[in-house]
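Please read the structure below before turning to the comments.
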Amino acid sequence: MLKLGLPIAFIAFTADQVSKWLILNHVMAPPRVIPVTGFFNLVLGRNTGVSFGLFGDAPPWALMALTLAIVAGLLFWMQRADHRLTALSLGLIAGGALGNLVDRLRHGAVTDFLDFYFATFHWPAFNLADVAIVSGVGLLLLESSFLRGEGKGPKKHTDVGPMRAP
């Protein structure tokens, strides 16, 4: 399934890197908040950690090594995948992870720019790599829960054994 997953990873990675390049070099020069709708802004943020800033104090090399190990595991899984949706999902996750890895290498932090909010509550800013990762995980959950769930679960045991007299 590498023939499907790797191009998906490349597309996710490329979309992420192009969007970050546009934001950094054209949209956010100079950095500012750009209101787009009543619930969405473009902003410029940097995240030295992982999701929601977790492990922001960790050494960058440790996060990069962890990312590479995860991507290697995803590629191994992708090679052995027997469903197209699995390969597509793993490609999205791997491409997003590599997009954020390149940011860490180039800038020392991940560039975030999508800012959704409701009233005064702002979801932490994120980027297209994050969208790819969350979409890939969501598709894996969907596939494992609903699309392949019919044949799984406890087997019904109909053999009650030999009949015994009371």
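Chain lettering (A, B, ...) mirrors the order of the structure tokens, residue numbering begins at 1 for each chain separately, and ligand numbering begins at 1 in order of display.
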
Checklist entry - Which polymer residues have any atom within 12 Å of an atom of Arg32 (chain A), counting only C-alpha atoms, with same-chain residues fewer than 3 positions away left out, as a ChimeraX atom specification? => result /A:23-24,26-29,35,41-45,113

Shell of 12 Å around Asn47 (chain A), only C-alpha atoms, local chain residues under 6 positions omitted, as a PDB file with N, CA and C atoms, in the first residue's frame:
ATOM      1  N   GLY A  53       1.037  22.587  22.852  1.00  0.00           N
ATOM      2  CA  GLY A  53       2.242  23.069  23.521  1.00  0.00           C
ATOM      3  C   GLY A  53       2.834  22.089  24.519  1.00  0.00           C
ATOM      4  N   LEU A  54       2.295  20.866  24.609  1.00  0.00           N
ATOM      5  CA  LEU A  54       2.855  19.880  25.526  1.00  0.00           C
ATOM      6  C   LEU A  54       4.319  19.623  25.199  1.00  0.00           C
ATOM      7  N   PHE A  55       5.113  19.402  26.194  1.00  0.00           N
ATOM      8  CA  PHE A  55       6.547  19.111  26.070  1.00  0.00           C
ATOM      9  C   PHE A  55       7.301  20.254  25.413  1.00  0.00           C
ATOM     10  N   GLY A  56       6.830  21.482  25.609  1.00  0.00           N
ATOM     11  CA  GLY A  56       7.489  22.655  25.031  1.00  0.00           C
ATOM     12  C   GLY A  56       8.892  22.877  25.561  1.00  0.00           C
ATOM     13  N   ASP A  57       9.191  22.313  26.733  1.00  0.00           N
ATOM     14  CA  ASP A  57      10.526  22.452  27.305  1.00  0.00           C
ATOM     15  C   ASP A  57      11.461  21.327  26.897  1.00  0.00           C
ATOM     16  N   ALA A  58      10.945  20.359  26.164  1.00  0.00           N
ATOM     17  CA  ALA A  58      11.786  19.231  25.730  1.00  0.00           C
ATOM     18  C   ALA A  58      12.814  19.717  24.717  1.00  0.00           C
ATOM     19  N   PRO A  60      14.672  20.166  21.377  1.00  0.00           N
ATOM     20  CA  PRO A  60      14.157  19.979  20.010  1.00  0.00           C
ATOM     21  C   PRO A  60      14.611  18.664  19.369  1.00  0.00           C
ATOM     22  N   LEU A  63      12.245  15.805  20.299  1.00  0.00           N
ATOM     23  CA  LEU A  63      10.974  15.806  19.567  1.00  0.00           C
ATOM     24  C   LEU A  63      11.186  15.375  18.119  1.00  0.00           C
ATOM     25  N   ASN A 100       5.662  19.193  10.109  1.00  0.00           N
ATOM     26  CA  ASN A 100       6.005  19.850  11.367  1.00  0.00           C
ATOM     27  C   ASN A 100       7.475  19.623  11.735  1.00  0.00           C
ATOM     28  N   LEU A 101       8.024  18.474  11.356  1.00  0.00           N
ATOM     29  CA  LEU A 101       9.445  18.212  11.598  1.00  0.00           C
ATOM     30  C   LEU A 101      10.320  19.211  10.843  1.00  0.00           C
ATOM     31  N   ASP A 103       9.546  22.183   9.961  1.00  0.00           N
ATOM     32  CA  ASP A 103       9.439  23.464  10.675  1.00  0.00           C
ATOM     33  C   ASP A 103      10.391  23.526  11.861  1.00  0.00           C
ATOM     34  N   ARG A 104      10.451  22.449  12.632  1.00  0.00           N
ATOM     35  CA  ARG A 104      11.365  22.418  13.790  1.00  0.00           C
ATOM     36  C   ARG A 104      12.813  22.563  13.338  1.00  0.00           C
ATOM     37  N   HIS A 107      13.008  26.419  11.803  1.00  0.00           N
ATOM     38  CA  HIS A 107      12.658  27.567  12.633  1.00  0.00           C
ATOM     39  C   HIS A 107      12.790  27.312  14.131  1.00  0.00           C
ATOM     40  N   GLY A 108      13.060  26.082  14.520  1.00  0.00           N
ATOM     41  CA  GLY A 108      13.147  25.751  15.935  1.00  0.00           C
ATOM     42  C   GLY A 108      11.793  25.580  16.598  1.00  0.00           C
ATOM     43  N   ALA A 109      10.733  25.750  15.854  1.00  0.00           N
ATOM     44  CA  ALA A 109       9.364  25.606  16.358  1.00  0.00           C
ATOM     45  C   ALA A 109       8.438  25.399  15.167  1.00  0.00           C
ATOM     46  N   VAL A 110       7.230  24.947  15.458  1.00  0.00           N
ATOM     47  CA  VAL A 110       6.226  24.723  14.420  1.00  0.00           C
ATOM     48  C   VAL A 110       5.437  26.010  14.199  1.00  0.00           C
ATOM     49  N   THR A 111       5.255  26.379  12.939  1.00  0.00           N
ATOM     50  CA  THR A 111       4.483  27.568  12.580  1.00  0.00           C
ATOM     51  C   THR A 111       3.001  27.221  12.557  1.00  0.00           C
ATOM     52  N   ASP A 112       2.218  27.953  13.350  1.00  0.00           N
ATOM     53  CA  ASP A 112       0.768  27.787  13.385  1.00  0.00           C
ATOM     54  C   ASP A 112       0.124  29.093  12.932  1.00  0.00           C
ATOM     55  N   PHE A 113      -1.020  28.998  12.246  1.00  0.00           N
ATOM     56  CA  PHE A 113      -1.641  30.222  11.737  1.00  0.00           C
ATOM     57  C   PHE A 113      -3.157  30.181  11.636  1.00  0.00           C
ATOM     58  N   PRO A 124      -6.443  26.437  20.319  1.00  0.00           N
ATOM     59  CA  PRO A 124      -5.036  26.741  20.012  1.00  0.00           C
ATOM     60  C   PRO A 124      -4.808  26.786  18.494  1.00  0.00           C
ATOM     61  N   ALA A 125      -4.023  27.755  18.050  1.00  0.00           N
ATOM     62  CA  ALA A 125      -3.737  27.889  16.618  1.00  0.00           C
ATOM     63  C   ALA A 125      -3.072  26.608  16.108  1.00  0.00           C
ATOM     64  N   PHE A 126      -3.332  26.312  14.850  1.00  0.00           N
ATOM     65  CA  PHE A 126      -2.774  25.099  14.249  1.00  0.00           C
ATOM     66  C   PHE A 126      -2.466  25.349  12.790  1.00  0.00           C
ATOM     67  N   ASN A 127      -2.037  24.313  12.056  1.00  0.00           N
ATOM     68  CA  ASN A 127      -1.620  24.444  10.661  1.00  0.00           C
ATOM     69  C   ASN A 127      -2.155  23.267   9.851  1.00  0.00           C
ATOM     70  N   ASP A 130      -1.219  19.755  11.050  1.00  0.00           N
ATOM     71  CA  ASP A 130      -2.084  19.296  12.136  1.00  0.00           C
ATOM     72  C   ASP A 130      -3.418  18.791  11.591  1.00  0.00           C
TER      73      ASP A 130
END

Item to check | Close residues, region 2-16 of chain A itself excluded, 9 Å, only C-alpha atoms, min 6 positions apart in chain, as a count of residues only | outcome: 26

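Here CA of Phe118 (chain A) and CA of Gly38 (chain A) stand 8.4 Å from one another.
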
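Counting only C-alpha atoms and comparing A:Ala72, A:Val36, A:Leu114, A:Met64, the residue that lies closest to Val131 (chain A) is A:Leu114.
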